[in-house]
>>> print(open('entry13.txt').read())   # compact mmCIF, C-alpha atoms and all ligand atoms
# COMPACT_ATOMS: atom_id res chain seq x y z
CA MET R 1 69.66 90.56 88.07
CA MET R 2 71.35 93.94 88.24
CA ALA R 3 74.82 94.08 89.70
CA GLN R 4 74.79 95.65 93.12
CA VAL R 5 75.97 99.21 92.98
CA ASN R 6 77.92 100.52 95.89
CA PRO R 7 75.61 103.08 97.62
CA ILE R 8 78.42 105.64 97.91
CA HIS R 9 79.22 105.37 94.21
CA ARG R 10 75.50 105.54 93.45
CA SER R 11 75.15 108.77 95.44
CA PHE R 12 77.83 110.43 93.29
CA GLU R 13 76.19 109.15 90.09
CA LEU R 14 72.81 110.55 91.10
CA ALA R 15 74.41 113.86 92.02
CA ALA R 16 76.20 114.01 88.65
CA GLU R 17 72.84 113.69 86.90
CA ARG R 18 71.69 116.81 88.71
CA CYS R 19 74.77 118.94 88.88
CA GLU R 20 77.71 119.25 86.53
CA ASP R 21 80.20 120.53 89.06
CA LEU R 22 79.99 120.01 92.80
CA THR R 23 82.83 122.44 93.52
CA PRO R 24 80.84 125.66 94.12
CA LEU R 25 78.22 123.85 96.22
CA VAL R 26 80.80 122.11 98.40
CA TYR R 27 82.83 125.27 99.08
CA GLN R 28 79.73 127.41 99.71
CA ARG R 29 78.71 124.89 102.35
CA LEU R 30 82.23 124.62 103.78
CA PHE R 31 82.48 128.41 104.16
CA ARG R 32 78.96 128.62 105.63
CA GLU R 33 79.50 125.85 108.17
CA HIS R 34 83.17 126.60 108.90
CA PRO R 35 83.73 130.32 108.11
CA GLU R 36 87.26 130.14 109.52
CA THR R 37 88.27 128.11 106.44
CA MET R 38 87.69 131.07 104.11
CA SER R 39 90.93 132.82 105.01
CA MET R 40 92.91 129.55 104.85
CA PHE R 41 92.90 129.58 101.07
CA ARG R 42 95.04 132.17 99.35
CA THR R 43 93.20 134.81 97.37
CA ASP R 44 95.06 134.24 94.11
CA GLY R 45 94.99 130.94 92.31
CA SER R 46 93.02 129.08 94.95
CA GLU R 47 90.29 128.06 92.49
CA LEU R 48 92.60 125.40 91.05
CA VAL R 49 93.56 124.16 94.50
CA LYS R 50 89.92 124.00 95.58
CA GLY R 51 88.89 122.07 92.48
CA SER R 52 91.71 119.54 92.71
CA MET R 53 91.35 119.19 96.48
CA LEU R 54 87.73 118.19 95.99
CA ALA R 55 88.49 115.92 93.02
CA LEU R 56 91.18 114.10 94.99
CA SER R 57 88.94 113.83 98.05
CA ILE R 58 86.22 112.25 95.90
CA GLU R 59 88.72 109.84 94.35
CA ALA R 60 89.83 108.84 97.84
CA ILE R 61 86.20 108.38 98.97
CA LEU R 62 85.30 106.22 95.96
CA ASP R 63 88.36 104.09 96.52
CA PHE R 64 87.75 103.84 100.26
CA ALA R 65 84.17 102.73 99.64
CA GLY R 66 85.09 100.42 96.78
CA GLY R 67 88.19 98.53 95.80
CA ARG R 68 90.70 100.16 98.15
CA SER R 69 93.28 100.10 95.38
CA GLY R 70 95.36 102.69 97.15
CA HIS R 71 93.97 106.15 96.40
CA PHE R 72 92.45 106.20 99.87
CA ARG R 73 95.98 106.26 101.34
CA MET R 74 96.15 109.80 100.05
CA ILE R 75 94.00 110.76 103.04
CA GLU R 76 96.81 109.86 105.46
CA CYS R 77 99.40 111.76 103.39
CA GLU R 78 97.21 114.82 103.20
CA VAL R 79 96.65 114.83 106.96
CA SER R 80 100.36 115.59 107.38
CA SER R 81 100.55 118.21 104.64
CA HIS R 82 97.45 119.87 106.13
CA ASP R 83 98.98 119.82 109.60
CA ALA R 84 101.64 121.98 107.94
CA TYR R 85 98.99 124.27 106.36
CA GLY R 86 97.52 124.73 109.84
CA THR R 87 94.29 122.83 109.07
CA PRO R 88 93.11 121.20 112.32
CA ARG R 89 92.38 117.49 111.97
CA GLU R 90 88.72 117.83 112.99
CA LEU R 91 88.29 120.31 110.18
CA PHE R 92 90.14 118.10 107.72
CA ALA R 93 87.77 115.23 108.57
CA ALA R 94 84.79 117.61 108.44
CA PHE R 95 85.44 118.24 104.73
CA PHE R 96 84.17 114.72 103.99
CA GLY R 97 80.98 115.46 105.94
CA VAL R 98 80.53 118.64 103.91
CA ILE R 99 80.74 116.57 100.71
CA ALA R 100 78.14 114.14 102.10
CA ALA R 101 75.77 116.95 103.10
CA THR R 102 76.09 118.52 99.64
CA LEU R 103 75.13 115.23 98.00
CA ARG R 104 72.27 114.75 100.43
CA GLU R 105 70.80 118.13 99.55
CA LEU R 106 71.12 117.44 95.82
CA LEU R 107 69.66 113.92 96.03
CA ASP R 108 66.79 115.04 98.24
CA ALA R 109 64.15 112.27 98.12
CA ASP R 110 66.62 109.90 96.44
CA TRP R 111 68.87 109.96 99.51
CA SER R 112 67.85 106.45 100.57
CA PRO R 113 68.33 104.81 103.97
CA GLU R 114 70.90 102.58 102.28
CA ILE R 115 72.90 105.56 101.00
CA ASP R 116 72.55 107.24 104.38
CA GLY R 117 73.83 104.19 106.24
CA ALA R 118 76.76 103.73 103.88
CA TRP R 119 77.79 107.38 104.27
CA ARG R 120 77.55 107.27 108.08
CA LYS R 121 79.79 104.23 108.16
CA LEU R 122 82.24 105.76 105.72
CA LEU R 123 82.50 109.08 107.59
CA ASP R 124 83.06 107.18 110.78
CA GLU R 125 85.86 105.12 109.22
CA ILE R 126 87.52 108.13 107.62
CA GLY R 127 87.35 109.94 110.97
CA GLY R 128 89.25 107.01 112.46
CA VAL R 129 91.91 107.09 109.73
CA VAL R 130 92.43 110.83 110.20
CA ALA R 131 92.62 110.55 113.99
CA ARG R 132 95.14 107.70 113.83
CA SER R 133 97.41 109.22 111.16
CA GLN R 134 101.00 109.87 112.17
CA THR R 135 102.58 113.21 111.48
C1 LIG Y 1 88.19 121.82 105.64
C2 LIG Y 1 89.20 121.03 105.35
C3 LIG Y 1 90.38 121.47 104.51
C4 LIG Y 1 90.99 122.70 104.41
C5 LIG Y 1 90.65 123.99 105.15
C6 LIG Y 1 92.07 122.57 103.44
C7 LIG Y 1 92.93 123.58 103.07
C8 LIG Y 1 93.93 123.47 102.13
C9 LIG Y 1 94.89 124.50 101.81
C10 LIG Y 1 94.97 125.86 102.50
C11 LIG Y 1 95.70 124.03 100.83
C12 LIG Y 1 96.91 124.71 100.23
C13 LIG Y 1 96.51 125.62 99.14
C14 LIG Y 1 97.65 126.41 98.60
O1 LIG Y 1 98.70 125.85 98.28
O2 LIG Y 1 97.42 127.60 98.50
C15 LIG Y 1 95.23 122.69 100.48
C16 LIG Y 1 95.77 121.89 99.49
C17 LIG Y 1 95.37 120.60 99.21
N1 LIG Y 1 94.39 119.90 99.87
FE1 LIG Y 1 93.22 120.59 101.40
N2 LIG Y 1 92.08 121.27 102.96
C18 LIG Y 1 91.07 120.57 103.60
C19 LIG Y 1 90.76 119.24 103.40
C20 LIG Y 1 91.33 118.42 102.47
C21 LIG Y 1 91.00 117.03 102.27
C22 LIG Y 1 89.96 116.26 103.08
C23 LIG Y 1 91.79 116.57 101.25
C24 LIG Y 1 91.86 115.19 100.65
C25 LIG Y 1 91.93 114.08 101.31
C26 LIG Y 1 92.60 117.65 100.80
C27 LIG Y 1 93.51 117.60 99.75
C28 LIG Y 1 94.34 118.64 99.34
C29 LIG Y 1 95.30 118.52 98.27
C30 LIG Y 1 95.56 117.28 97.43
C31 LIG Y 1 95.94 119.77 98.18
C32 LIG Y 1 97.02 120.15 97.17
C33 LIG Y 1 98.40 120.16 97.66
C34 LIG Y 1 98.79 119.13 98.71
O3 LIG Y 1 99.20 118.00 98.41
O4 LIG Y 1 98.72 119.45 99.90
N3 LIG Y 1 92.32 118.78 101.56
N4 LIG Y 1 94.17 122.38 101.30
>>> encode(input="entry13.txt", output="structure tokens")
Amino acid sequence: MMAQVNPIHRSFELAAERCEDLTPLVYQRLFREHPETMSMFRTDGSELVKGSMLALSIEAILDFAGGRSGHFRMIECEVSSHDAYGTPRELFAAFFGVIAATLRELLDADWSPEIDGAWRKLLDEIGGVVARSQT
């Protein structure tokens, strides 16, 4: 029997088969759905920040959905540094939803009810972590 693959991890694997780099897709969607975020990033040198912000968010998601070895704690730390950047908490939490929607569009028919359910639960839990974080 095949080992059970975590549906969140599976969704990233399927996306990776279709798209080499999620960064442009995620930020296009972020700027479309939350245009106020465009001016939050500096004009010079923000490509690196955007790429690493996404990479670290994905690491935190995979850890949150899987072993919880500790990377997911980064979410709480980043809530405080983003309070300092002036990123409202709702928006901070919304970034995870933007990642989910990007995967959903890429996966299309392969976005299964199982993957959908796992993502809903995860977004809900992350929303709770963000809301409860201390500054
Ligand atoms: C829409 C939501 C978000 C916005 C608008 C936002 C915006 C920003 C901005 C303006 C910076 C500073 C860039 C600079 O130094 O010029 C930054 C850095 C960073 N962001 Fe975000 N961010 C968001 C969500 C997130 C999330 C969900 C995570 C991960 C959990 C994250 C992780 C980071 C990291 C690791 C950095 C690098 C420096 C640091 O430790 O603060 N961001 N972000």
>>> residues_around(input="entry13.txt", residues="Cys77 of chain R", least_positions_apart="2", cutoff="10 Å", atoms="all atoms listed in the file", output="mmCIF file with C-alpha atoms, in the frame of the given file")
data_model
loop_
_atom_site.group_PDB
_atom_site.id
_atom_site.type_symbol
_atom_site.label_atom_id
_atom_site.label_comp_id
_atom_site.auth_asym_id
_atom_site.auth_seq_id
_atom_site.Cartn_x
_atom_site.Cartn_y
_atom_site.Cartn_z
ATOM 1 C CA PHE R 72 92.450 106.200 99.870
ATOM 2 C CA ARG R 73 95.980 106.260 101.340
ATOM 3 C CA MET R 74 96.150 109.800 100.050
ATOM 4 C CA ILE R 75 94.000 110.760 103.040
ATOM 5 C CA VAL R 79 96.650 114.830 106.960
ATOM 6 C CA SER R 80 100.360 115.590 107.380
ATOM 7 C CA SER R 81 100.550 118.210 104.640
ATOM 8 C CA HIS R 82 97.450 119.870 106.130
ATOM 9 C CA VAL R 130 92.430 110.830 110.200
ATOM 10 C CA SER R 133 97.410 109.220 111.160
ATOM 11 C CA GLN R 134 101.000 109.870 112.170
ATOM 12 C CA THR R 135 102.580 113.210 111.480
#
>>> closest_atom_pairs(input="entry13.txt", of="chain R", to="ligand LIG 1 (chain Y)", cutoff="7 Å", atoms="only C-alpha atoms and all ligand atoms", output="JSON lines")
{"residue": "R:Leu30", "atom": "CA", "partner": "Y:LIG1", "partner_atom": "C1", "distance": 6.8}
{"residue": "R:Thr37", "atom": "CA", "partner": "Y:LIG1", "partner_atom": "C5", "distance": 4.9}
{"residue": "R:Met40", "atom": "CA", "partner": "Y:LIG1", "partner_atom": "C10", "distance": 4.8}
{"residue": "R:Phe41", "atom": "CA", "partner": "Y:LIG1", "partner_atom": "C10", "distance": 4.5}
{"residue": "R:Arg42", "atom": "CA", "partner": "Y:LIG1", "partner_atom": "O2", "distance": 5.2}
{"residue": "R:Ser46", "atom": "CA", "partner": "Y:LIG1", "partner_atom": "O2", "distance": 5.8}
{"residue": "R:Val49", "atom": "CA", "partner": "Y:LIG1", "partner_atom": "C13", "distance": 5.7}
{"residue": "R:Ser52", "atom": "CA", "partner": "Y:LIG1", "partner_atom": "C30", "distance": 6.5}
{"residue": "R:Met53", "atom": "CA", "partner": "Y:LIG1", "partner_atom": "C28", "distance": 4.2}
{"residue": "R:Leu54", "atom": "CA", "partner": "Y:LIG1", "partner_atom": "C23", "distance": 6.8}
{"residue": "R:Leu56", "atom": "CA", "partner": "Y:LIG1", "partner_atom": "C24", "distance": 5.8}
{"residue": "R:Ser57", "atom": "CA", "partner": "Y:LIG1", "partner_atom": "C24", "distance": 4.1}
{"residue": "R:Ala60", "atom": "CA", "partner": "Y:LIG1", "partner_atom": "C25", "distance": 6.6}
{"residue": "R:Met74", "atom": "CA", "partner": "Y:LIG1", "partner_atom": "C25", "distance": 6.1}
{"residue": "R:Ile75", "atom": "CA", "partner": "Y:LIG1", "partner_atom": "C25", "distance": 4.3}
{"residue": "R:Glu78", "atom": "CA", "partner": "Y:LIG1", "partner_atom": "C25", "distance": 5.7}
{"residue": "R:Ser81", "atom": "CA", "partner": "Y:LIG1", "partner_atom": "O4", "distance": 5.2}
{"residue": "R:His82", "atom": "CA", "partner": "Y:LIG1", "partner_atom": "N4", "distance": 6.4}
{"residue": "R:Tyr85", "atom": "CA", "partner": "Y:LIG1", "partner_atom": "C10", "distance": 5.8}
{"residue": "R:Thr87", "atom": "CA", "partner": "Y:LIG1", "partner_atom": "C5", "distance": 5.5}
{"residue": "R:Leu91", "atom": "CA", "partner": "Y:LIG1", "partner_atom": "C1", "distance": 4.8}
{"residue": "R:Phe92", "atom": "CA", "partner": "Y:LIG1", "partner_atom": "C2", "distance": 3.9}
{"residue": "R:Ala93", "atom": "CA", "partner": "Y:LIG1", "partner_atom": "C22", "distance": 6.0}
{"residue": "R:Ala94", "atom": "CA", "partner": "Y:LIG1", "partner_atom": "C1", "distance": 6.1}
{"residue": "R:Phe95", "atom": "CA", "partner": "Y:LIG1", "partner_atom": "C1", "distance": 4.6}
{"residue": "R:Phe96", "atom": "CA", "partner": "Y:LIG1", "partner_atom": "C22", "distance": 6.1}
>>> closest_residue(input="entry13.txt", among="R:Ile61, R:Leu22, R:Ile8, R:Leu103", to="Gly117 of chain R", atoms="only C-alpha atoms")
R:Ile8
>>> atom_distance(input="entry13.txt", atom1="atom CA of Leu106 of chain R", atom2="atom CA of Gly45 of chain R")
27.6 Å
>>> closest_residue(input="entry13.txt", among="R:Gly127, R:Gly67, R:Lys50, R:Thr102", to="Ala16 of chain R", atoms="only C-alpha atoms")
R:Thr102
>>> residues_around(input="entry13.txt", residues="Ala118 of chain R", least_positions_apart="2", cutoff="12 Å", atoms="all atoms listed in the file", output="JSON, numbers by chain")
{"R": [5, 6, 7, 8, 9, 10, 11, 61, 62, 64, 65, 66, 100, 111, 112, 113, 114, 115, 116, 120, 121, 122, 123, 124, 125]}
>>> atom_distance(input="entry13.txt", atom1="atom CA of Trp119 of chain R", atom2="atom CA of Gly51 of chain R")
21.9 Å
>>> atom_distance(input="entry13.txt", atom1="atom CA of Val129 of chain R", atom2="atom CA of Leu107 of chain R")
27.0 Å
>>> closest_residue(input="entry13.txt", among="R:Gly128, R:Arg29, R:Ile58, R:Ser69", to="Glu105 of chain R", atoms="only C-alpha atoms")
R:Arg29
>>> axis_aligned_box(input="entry13.txt", around="segment 55-74 of chain R", padding_each_side="8 Å", output="AutoDock Vina command-line options")
--center_x 90.2 --center_y 107.2 --center_z 97.2 --size_x 28.0 --size_y 33.4 --size_z 24.3
>>> build_atoms(input="entry13.txt", residues="segment 63-78 of chain R", atoms="N, CA and C atoms", output="mmCIF file, in the coordinates of the input")
data_model
loop_
_atom_site.group_PDB
_atom_site.id
_atom_site.type_symbol
_atom_site.label_atom_id
_atom_site.label_comp_id
_atom_site.auth_asym_id
_atom_site.auth_seq_id
_atom_site.Cartn_x
_atom_site.Cartn_y
_atom_site.Cartn_z
ATOM 1 N N ASP R 63 87.452 105.211 96.309
ATOM 2 C CA ASP R 63 88.360 104.090 96.520
ATOM 3 C C ASP R 63 88.154 103.463 97.898
ATOM 4 N N PHE R 64 87.965 104.316 98.887
ATOM 5 C CA PHE R 64 87.750 103.840 100.260
ATOM 6 C C PHE R 64 86.490 102.983 100.323
ATOM 7 N N ALA R 65 85.454 103.436 99.604
ATOM 8 C CA ALA R 65 84.170 102.730 99.640
ATOM 9 C C ALA R 65 84.155 101.529 98.702
ATOM 10 N N GLY R 66 85.116 101.483 97.785
ATOM 11 C CA GLY R 66 85.090 100.420 96.780
ATOM 12 C C GLY R 66 86.271 99.485 96.894
ATOM 13 N N GLY R 67 87.130 99.535 95.896
ATOM 14 C CA GLY R 67 88.190 98.530 95.800
ATOM 15 C C GLY R 67 89.371 98.697 96.729
ATOM 16 N N ARG R 68 89.525 99.864 97.311
ATOM 17 C CA ARG R 68 90.700 100.160 98.150
ATOM 18 C C ARG R 68 91.995 99.840 97.421
ATOM 19 N N SER R 69 92.089 100.389 96.181
ATOM 20 C CA SER R 69 93.280 100.100 95.380
ATOM 21 C C SER R 69 94.457 100.934 95.855
ATOM 22 N N GLY R 70 94.226 101.921 96.635
ATOM 23 C CA GLY R 70 95.360 102.690 97.150
ATOM 24 C C GLY R 70 95.146 104.188 97.211
ATOM 25 N N HIS R 71 94.200 104.700 96.387
ATOM 26 C CA HIS R 71 93.970 106.150 96.400
ATOM 27 C C HIS R 71 93.588 106.651 97.797
ATOM 28 N N PHE R 72 92.926 105.761 98.554
ATOM 29 C CA PHE R 72 92.450 106.200 99.870
ATOM 30 C C PHE R 72 93.608 106.517 100.809
ATOM 31 N N ARG R 73 94.808 105.967 100.498
ATOM 32 C CA ARG R 73 95.980 106.260 101.340
ATOM 33 C C ARG R 73 96.350 107.727 101.289
ATOM 34 N N MET R 74 95.882 108.384 100.201
ATOM 35 C CA MET R 74 96.150 109.800 100.050
ATOM 36 C C MET R 74 95.634 110.569 101.265
ATOM 37 N N ILE R 75 94.575 110.061 101.889
ATOM 38 C CA ILE R 75 94.000 110.760 103.040
ATOM 39 C C ILE R 75 95.071 110.903 104.133
ATOM 40 N N GLU R 76 95.777 109.807 104.416
ATOM 41 C CA GLU R 76 96.810 109.860 105.460
ATOM 42 C C GLU R 76 97.930 110.842 105.097
ATOM 43 N N CYS R 77 98.334 110.832 103.814
ATOM 44 C CA CYS R 77 99.400 111.760 103.390
ATOM 45 C C CYS R 77 98.951 113.194 103.549
ATOM 46 N N GLU R 78 97.695 113.436 103.145
ATOM 47 C CA GLU R 78 97.210 114.820 103.200
ATOM 48 C C GLU R 78 97.006 115.307 104.623
#
